[in-house]
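Structure data follow from my_file03.txt (compact mmCIF, C-alpha atoms):
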# COMPACT_ATOMS: atom_id res chain seq x y z
CA MET H 1 109.55 120.54 123.15
CA CYS H 2 109.31 119.62 119.47
CA GLY H 3 105.89 119.62 117.86
CA ARG H 4 106.57 120.58 114.25
CA THR H 5 109.46 119.94 111.86
CA ALA H 6 110.46 120.41 108.23
CA CYS H 7 112.18 117.77 106.09
CA THR H 8 112.34 118.76 102.44
CA LEU H 9 115.15 116.72 100.87
CA ALA H 10 114.29 114.00 98.35
CA PRO H 11 114.84 110.34 99.37
CA ASP H 12 118.16 110.06 97.51
CA GLU H 13 119.35 113.36 98.99
CA ILE H 14 118.48 112.06 102.46
CA ARG H 15 120.79 109.09 101.79
CA ARG H 16 123.62 111.35 100.70
CA ALA H 17 123.12 113.70 103.64
CA CYS H 18 123.34 110.77 106.09
CA GLY H 19 126.78 109.46 105.21
CA TYR H 20 128.31 107.99 108.37
CA ARG H 21 131.40 106.24 109.67
CA ASN H 22 131.30 102.77 111.19
CA ARG H 23 133.42 101.56 114.11
CA ALA H 24 136.39 101.11 111.80
CA GLY H 25 136.13 104.70 110.63
CA GLN H 26 134.98 103.74 107.13
CA ARG H 27 132.55 106.13 105.48
CA ARG H 28 129.29 104.52 104.42
CA ARG H 29 125.98 105.59 102.94
CA PRO H 30 122.79 104.07 104.40
CA GLN H 31 120.23 102.27 102.25
CA TRP H 32 116.50 102.72 102.64
CA LYS H 33 114.59 99.87 104.25
CA ASP H 34 112.66 98.01 101.54
CA GLY H 35 109.79 100.18 100.29
CA ASP H 36 110.29 102.97 102.83
CA ALA H 37 111.74 105.50 100.36
CA ASP H 38 108.34 105.47 98.62
CA LYS H 39 106.52 106.03 101.92
CA TYR H 40 108.52 109.16 102.76
CA ARG H 41 107.03 112.49 101.69
CA PRO H 42 109.15 115.68 101.89
CA SER H 43 107.34 118.49 103.70
CA TYR H 44 107.93 122.01 104.99
CA ASN H 45 105.46 121.41 107.80
CA LYS H 46 105.42 118.01 109.51
CA SER H 47 103.30 117.45 112.62
CA PRO H 48 102.74 114.44 114.93
CA GLN H 49 101.06 111.47 113.24
CA SER H 50 102.91 112.26 110.00
CA SER H 51 105.78 110.10 108.77
CA SER H 52 109.45 111.13 108.85
CA PRO H 53 112.81 109.59 107.95
CA VAL H 54 114.79 108.08 110.80
CA LEU H 55 118.26 106.57 110.93
CA LEU H 56 118.87 103.40 112.96
CA SER H 57 120.95 100.23 113.15
CA SER H 58 120.29 97.65 110.43
CA ARG H 59 120.38 94.97 113.14
CA HIS H 60 116.82 95.93 114.14
CA PHE H 61 115.55 94.54 110.81
CA ASN H 62 118.24 91.99 109.99
CA LYS H 63 119.75 89.96 112.82
CA GLU H 64 122.72 89.08 110.60
CA ALA H 65 123.62 92.75 109.87
CA PRO H 66 126.46 94.46 111.76
CA VAL H 67 125.21 96.60 114.65
CA ASP H 68 127.19 99.57 113.35
CA GLU H 69 125.57 99.40 109.89
CA CYS H 70 122.86 102.04 109.46
CA VAL H 71 119.60 101.98 107.53
CA LEU H 72 116.96 104.62 106.74
CA ALA H 73 113.32 103.94 107.57
CA THR H 74 110.08 105.88 107.41
CA MET H 75 108.25 105.91 110.75
CA ARG H 76 105.17 107.59 112.15
CA TRP H 77 105.67 110.38 114.69
CA GLY H 78 104.16 109.46 118.06
CA LEU H 79 105.34 106.25 119.72
CA VAL H 80 102.83 103.40 119.97
CA PRO H 81 104.17 100.89 122.55
CA ALA H 82 104.46 97.26 121.51
CA TRP H 83 102.26 96.33 124.49
CA PHE H 84 99.33 98.54 123.38
CA ARG H 85 96.37 96.17 123.03
CA GLU H 86 93.73 98.28 121.26
CA SER H 87 93.05 97.44 117.60
CA ASP H 88 93.39 101.11 116.61
CA PRO H 89 96.67 102.87 117.54
CA ASN H 90 94.89 106.24 117.29
CA LYS H 91 92.97 105.36 120.46
CA MET H 92 95.99 106.07 122.66
CA GLN H 93 94.91 108.41 125.44
CA TYR H 94 98.18 110.32 125.86
CA SER H 95 100.73 112.06 123.67
CA THR H 96 104.00 110.30 122.90
CA SER H 97 105.39 112.65 120.25
CA ASN H 98 107.96 113.87 122.80
CA CYS H 99 109.50 112.22 125.87
CA ARG H 100 111.52 113.96 128.57
CA SER H 101 115.06 112.64 129.00
CA GLU H 102 114.64 112.85 132.78
CA SER H 103 111.82 110.30 132.81
CA LEU H 104 112.97 107.75 130.21
CA LEU H 105 113.55 105.11 132.88
CA GLU H 106 110.31 105.90 134.73
CA LYS H 107 107.68 105.34 132.07
CA LYS H 108 107.15 101.87 130.60
CA SER H 109 106.36 103.28 127.14
CA TYR H 110 109.92 104.59 126.89
CA LYS H 111 111.85 102.38 129.31
CA ASP H 112 111.13 99.18 127.37
CA PRO H 113 112.44 100.37 123.96
CA LEU H 114 115.38 102.12 125.64
CA LEU H 115 116.55 98.97 127.42
CA LYS H 116 116.06 96.96 124.20
CA GLY H 117 118.42 99.30 122.39
CA GLN H 118 115.68 100.68 120.14
CA ARG H 119 117.39 104.02 119.65
CA CYS H 120 117.02 106.06 116.48
CA VAL H 121 117.92 109.44 115.02
CA ILE H 122 115.10 111.60 113.65
CA LEU H 123 116.16 113.60 110.60
CA ALA H 124 114.88 117.06 109.69
CA ASP H 125 115.93 120.33 108.09
CA GLY H 126 115.01 121.86 111.44
CA PHE H 127 112.10 122.27 113.83
CA TYR H 128 109.63 125.03 114.67
CA GLU H 129 109.03 126.50 118.09
CA TRP H 130 106.65 129.21 119.27
CA LYS H 131 107.67 132.04 121.60
CA ARG H 132 104.97 133.43 123.87
CA GLN H 133 104.47 137.16 123.58
CA GLU H 134 102.04 139.75 124.91
CA LYS H 135 100.02 139.39 121.75
CA GLY H 136 99.97 135.79 120.56
CA LYS H 137 103.01 133.66 119.73
CA GLN H 138 105.93 134.19 117.35
CA PRO H 139 107.09 131.04 115.49
CA PHE H 140 110.81 130.38 114.92
CA PHE H 141 112.63 127.91 112.68
CA ILE H 142 115.59 126.27 114.48
CA TYR H 143 118.41 124.35 112.77
CA PHE H 144 122.14 123.65 112.55
CA PRO H 145 124.30 126.55 111.25
CA GLN H 146 124.65 126.20 107.49
CA SER H 147 127.24 127.04 104.84
CA GLN H 148 124.65 127.30 102.05
CA GLY H 149 121.13 128.57 101.32
CA ALA H 150 117.70 127.65 102.60
CA PRO H 151 116.71 123.97 102.93
CA GLY H 152 114.71 122.22 100.26
CA LEU H 153 115.50 124.85 97.64
CA THR H 154 118.83 123.54 96.29
CA GLN H 155 119.28 121.00 93.49
CA ARG H 156 121.59 118.01 93.75
CA ASP H 157 125.23 118.87 93.84
CA LYS H 158 126.16 117.72 90.31
CA GLN H 159 129.82 118.45 90.83
CA GLN H 160 129.86 116.19 93.87
CA GLU H 161 128.16 113.41 91.93
CA GLU H 162 130.70 113.77 89.12
CA GLU H 163 133.54 113.52 91.61
CA GLU H 164 132.02 110.34 93.07
CA ARG H 165 131.62 108.85 89.59
CA LYS H 166 135.25 109.59 88.68
CA MET H 167 136.46 108.18 91.97
CA LEU H 168 134.59 104.93 91.37
CA SER H 169 135.72 104.73 87.74
CA HIS H 170 139.39 104.76 88.79
CA GLN H 171 138.98 101.70 90.97
CA THR H 172 140.05 98.36 89.51
CA GLU H 173 137.59 95.52 89.16
CA GLY H 174 139.41 93.63 91.85
CA GLN H 175 139.07 96.52 94.26
CA ARG H 176 135.36 96.85 93.59
CA GLU H 177 134.72 93.14 94.10
CA GLY H 178 136.45 93.32 97.45
CA GLU H 179 134.42 96.21 98.73
CA ASP H 180 131.45 95.62 101.01
CA GLU H 181 130.07 99.14 100.54
CA GLU H 182 130.35 101.98 98.06
CA GLU H 183 132.81 104.73 98.82
CA VAL H 184 131.09 108.05 99.35
CA SER H 185 132.29 111.59 99.60
CA GLU H 186 131.14 114.06 102.19
CA TRP H 187 127.73 115.68 101.69
CA LYS H 188 128.00 119.39 100.85
CA GLY H 189 124.33 120.33 100.95
CA TRP H 190 121.98 121.27 103.79
CA ARG H 191 123.14 119.81 107.09
CA LEU H 192 120.24 117.83 108.52
CA LEU H 193 119.27 118.22 112.15
CA THR H 194 119.89 114.95 113.99
CA MET H 195 117.61 114.43 117.00
CA ALA H 196 117.82 111.54 119.45
CA GLY H 197 114.73 109.37 119.65
CA LEU H 198 113.31 105.98 120.56
CA PHE H 199 111.17 103.75 118.38
CA ASP H 200 108.89 100.78 118.84
CA CYS H 201 107.10 98.25 116.66
CA TRP H 202 103.37 97.66 117.20
CA ALA H 203 101.57 94.63 115.79
CA PRO H 204 97.76 94.81 115.39
CA PRO H 205 96.14 92.28 117.78
CA GLY H 206 94.18 90.79 114.91
CA GLY H 207 97.17 90.60 112.60
CA GLY H 208 98.23 92.95 109.85
CA GLU H 209 101.08 95.24 108.86
CA LEU H 210 103.57 96.20 111.56
CA LEU H 211 103.57 99.86 112.56
CA TYR H 212 106.91 101.51 113.37
CA THR H 213 106.64 104.71 115.39
CA TYR H 214 109.03 107.04 117.22
CA THR H 215 109.25 109.71 119.88
CA VAL H 216 111.61 112.70 120.04
CA ILE H 217 113.61 112.96 123.28
CA THR H 218 113.70 116.45 124.80
CA VAL H 219 116.04 118.18 127.26
CA ASN H 220 116.19 121.58 128.93
CA ALA H 221 116.64 124.34 126.35
CA SER H 222 120.14 125.68 125.78
CA PRO H 223 120.84 129.27 126.94
CA ASN H 224 120.48 130.69 123.43
CA LEU H 225 117.01 129.16 123.01
CA GLN H 226 115.56 129.59 126.50
CA SER H 227 113.85 132.85 125.54
CA ILE H 228 111.80 130.92 122.96
CA HIS H 229 110.93 127.78 124.94
CA ASP H 230 112.17 125.95 128.03
CA ARG H 231 112.59 122.61 126.21
CA MET H 232 114.38 121.50 123.03
CA PRO H 233 115.08 118.21 121.22
CA ALA H 234 118.11 116.23 122.36
CA VAL H 235 120.44 117.09 119.49
CA LEU H 236 123.26 114.79 118.44
CA ASP H 237 126.02 117.06 117.20
CA GLY H 238 128.34 115.31 114.75
CA GLU H 239 128.92 111.86 113.29
CA GLU H 240 130.50 110.41 116.42
CA GLU H 241 127.54 111.27 118.66
CA VAL H 242 125.18 109.82 116.07
CA ARG H 243 127.27 106.64 115.86
CA GLN H 244 127.33 106.18 119.63
CA TRP H 245 123.58 106.74 119.97
CA LEU H 246 122.78 104.16 117.29
CA ASP H 247 125.42 101.53 118.16
CA PHE H 248 123.51 99.73 120.92
CA GLY H 249 125.98 96.85 120.79
CA GLU H 250 128.98 98.92 121.83
CA VAL H 251 127.24 101.71 123.76
CA ARG H 252 124.85 100.49 126.45
CA SER H 253 121.67 102.34 127.36
CA LEU H 254 122.85 104.07 130.52
CA GLN H 255 126.03 105.20 128.78
CA ALA H 256 124.04 106.48 125.79
CA LEU H 257 121.90 108.64 128.08
CA LYS H 258 124.97 110.80 128.73
CA LEU H 259 124.68 112.04 125.14
CA LEU H 260 121.34 113.68 125.92
CA GLN H 261 122.54 117.15 126.84
CA SER H 262 121.48 120.72 126.13
CA LYS H 263 123.69 122.04 123.36
CA SER H 264 124.15 125.62 122.16
CA CYS H 265 124.88 124.51 118.61
CA LEU H 266 121.68 125.66 116.92
CA VAL H 267 120.61 128.90 115.28
CA CYS H 268 117.17 130.23 114.49
CA HIS H 269 115.14 132.90 112.72
CA PRO H 270 111.55 134.10 113.05
CA VAL H 271 109.05 132.91 110.47
CA SER H 272 105.52 133.81 109.46
CA SER H 273 102.43 132.60 111.33
CA PHE H 274 101.67 130.86 108.03
CA VAL H 275 103.34 127.79 109.58
CA ASN H 276 100.78 127.71 112.41
CA ASN H 277 98.38 125.78 110.20
CA SER H 278 99.84 122.29 109.72
CA ARG H 279 98.03 122.03 106.37
CA ASN H 280 100.23 124.78 104.93
CA ASN H 281 103.16 123.19 103.14
CA SER H 282 105.36 125.53 101.11
CA PRO H 283 108.72 127.37 101.41
CA GLU H 284 106.86 130.26 103.05
CA CYS H 285 106.75 128.16 106.23
CA LEU H 286 110.47 128.64 106.92
CA GLN H 287 111.16 131.91 105.10
CA PRO H 288 112.80 134.47 107.45
CA ILE H 289 110.73 137.52 108.36
CA ASP H 290 111.28 140.72 110.31
CA PRO H 291 108.79 140.55 113.21
CA THR H 292 109.41 144.22 114.04
CA ALA H 293 108.29 145.39 110.61
CA LYS H 294 105.00 147.24 110.89
CA LYS H 295 102.13 146.37 108.64
CA VAL H 296 101.17 149.13 106.21
CA PRO H 297 98.08 150.81 107.68
CA GLN H 298 94.93 150.75 105.61
CA THR H 299 94.46 154.13 103.95
CA THR H 300 91.27 156.14 104.09
CA ALA H 301 90.92 155.73 100.35
CA SER H 302 91.17 151.94 100.51
CA MET H 303 88.69 151.90 103.38
CA ALA H 304 86.31 153.94 101.32
CA ALA H 305 86.80 151.62 98.37
CA GLY H 306 85.92 148.71 100.61
CA GLU H 307 82.63 150.40 101.45
CA GLN H 308 81.61 151.26 97.89
CA SER H 309 78.14 150.35 96.71
CA GLN H 310 77.14 147.07 95.09
CA GLN H 311 76.84 148.85 91.75
CA GLU H 312 80.44 150.12 91.94
CA ALA H 313 81.64 146.61 92.77
CA GLU H 314 79.84 145.26 89.71
CA ASN H 315 81.51 147.92 87.57
CA LEU H 316 84.90 146.83 88.83
CA LYS H 317 84.11 143.21 87.95
CA LEU H 318 83.08 144.24 84.42
CA SER H 319 86.25 146.29 83.95
CA PHE H 320 88.38 143.38 85.13
CA GLY H 321 86.55 141.03 82.76
CA PHE H 322 87.22 143.31 79.81
CA CYS H 323 90.92 143.60 80.65
CA LEU H 324 91.20 139.81 80.95
CA TRP H 325 89.41 139.36 77.60
CA SER H 326 91.77 141.87 75.95
CA PHE H 327 94.83 140.11 77.42
CA GLU H 328 93.66 136.70 76.22
CA ASN H 329 93.14 138.05 72.70
CA GLU H 330 96.64 139.54 72.67
CA ILE H 331 98.08 136.23 73.78
CA GLY H 332 96.17 134.47 71.03
CA ALA H 333 97.61 136.84 68.46
CA PHE H 334 101.07 135.50 69.24
CA ASN H 335 99.88 131.92 68.75
CA LEU H 336 101.07 130.93 72.21
CA PRO H 337 99.89 127.53 73.47
As structure tokens - that is how I would like this structure written.
Amino acid sequence: MCGRTACTLAPDEIRRACGYRNRAGQRRRPQWKDGDADKYRPSYNKSPQSSSPVLLSSRHFNKEAPVDECVLATMRWGLVPAWFRESDPNKMQYSTSNCRSESLLEKKSYKDPLLKGQRCVILADGFYEWKRQEKGKQPFFIYFPQSQGAPGLTQRDKQQEEEERKMLSHQTEGQREGEDEEEVSEWKGWRLLTMAGLFDCWAPPGGGELLYTYTVITVNASPNLQSIHDRMPAVLDGEEEVRQWLDFGEVRSLQALKLLQSKSCLVCHPVSSFVNNSRNNSPECLQPIDPTAKKVPQTTASMAAGEQSQQEAENLKLSFGFCLWSFENEIGAFNLP
């Protein structure tokens, strides 16, 4: 399954990381749907009901747009069907954060958007999964193999931006006027995980702002991940698979379902239980750890110190206060702000 993800790139970096090719093979860069870049919040620890960036066909928002033109939108995790009649979408009685590929055509919540071509790609640095063990569960971070460092920790590739600027500067005015889209070079940063999903648009019965939500499609886990969990997101590996999943005009629903396969294209590493709490949001969530490393046992001396009298504890506080006072005075002597 998929119950927690990380997506740490900034809105503009998301755009650059989602360069795609249309039917003609031309490389394009998606725009954000109006106002949605401001709604997106990078996070090391996203859970259902939070909002995430998704990639989908522009035709869903603009009937005049080409089907193979992509747009970025911010949607809430956990599909709310268009037919849901309650005034509060949080009153749904069942979870729709994940949907099994085997039952897409059996459940109305998923069958309707699937047959309407409402397919999307959920973007993330990777996702977390928990492996059952004799004592508790061990969390893992799972993602595409990378050629660079950890996600969310790199700055924009200035050299790449300079190359793009030079490339555009060499074009003539006539060439630029004839272009429908900007030319973009290939993204060299963190490769985002691209997961197949479905989305729907819910309108409050009494009127109000439309709510766009999505669900992550899951399949049987690949052999290299089965020891962690028996399910995994339906991963779209490469630009062509992403294009086919999103191009509902050229690729019909039943044909698109063939893309939902278990794929042994992901890697993983164990992470700290710090990620277990969805309120924790820092790089520590996805930092690799060695689960076999033993914790340093508490020494007899430290145990004794923990049992010292109230008077000894007060003495320690006073000593600490004096050291802090001395440090502050030394800092002041250097006229530091």
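One finds CA of Ser50 (chain H) at 16.3 Å from CA of Leu72 (chain H).
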* To do: Measure the distance from CA of Cys120 (chain H) to CA of Ser52 (chain H) in Å and round it to one decimal.
  => 11.9 Å
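The space between CA of Glu102 (chain H) and CA of Pro223 (chain H) spans 18.5 Å.
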* **Selection: 8 Å around region 10-15 of chain H, all atoms listed in the file, excl. self and same-chain fewer than 5 positions, as a PyMOL selection string** => chain H and resi 29-32+37+40+42+72+156
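The closest residue to Tyr110 (chain H), picked from H:Pro145, H:Gly197, H:Pro139, H:Gly189 and counting all atoms listed in the file, is H:Gly197.
Proximity to Leu236 (chain H) was assessed for H:Cys201, H:Ile142, H:Leu210, H:Ile122 counting only C-alpha atoms; the smallest distance is recorded for H:Ile122.
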* Excluding region 231-235 of chain H and any residue of its chain fewer than 2 positions from it, enumerate the residues within 10 Å of it, using all atoms listed in the file, and give them as a ChimeraX atom specification. => /H:1-3,98-101,121-122,127,129,142,144,193-197,216-222,225-226,228-229,237-238,241-242,259-266
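Nearest to Gln133 (chain H) of all the residues H:Ser109, H:Pro204, H:Asn276, H:Ser227 is H:Ser227, counting only C-alpha atoms.
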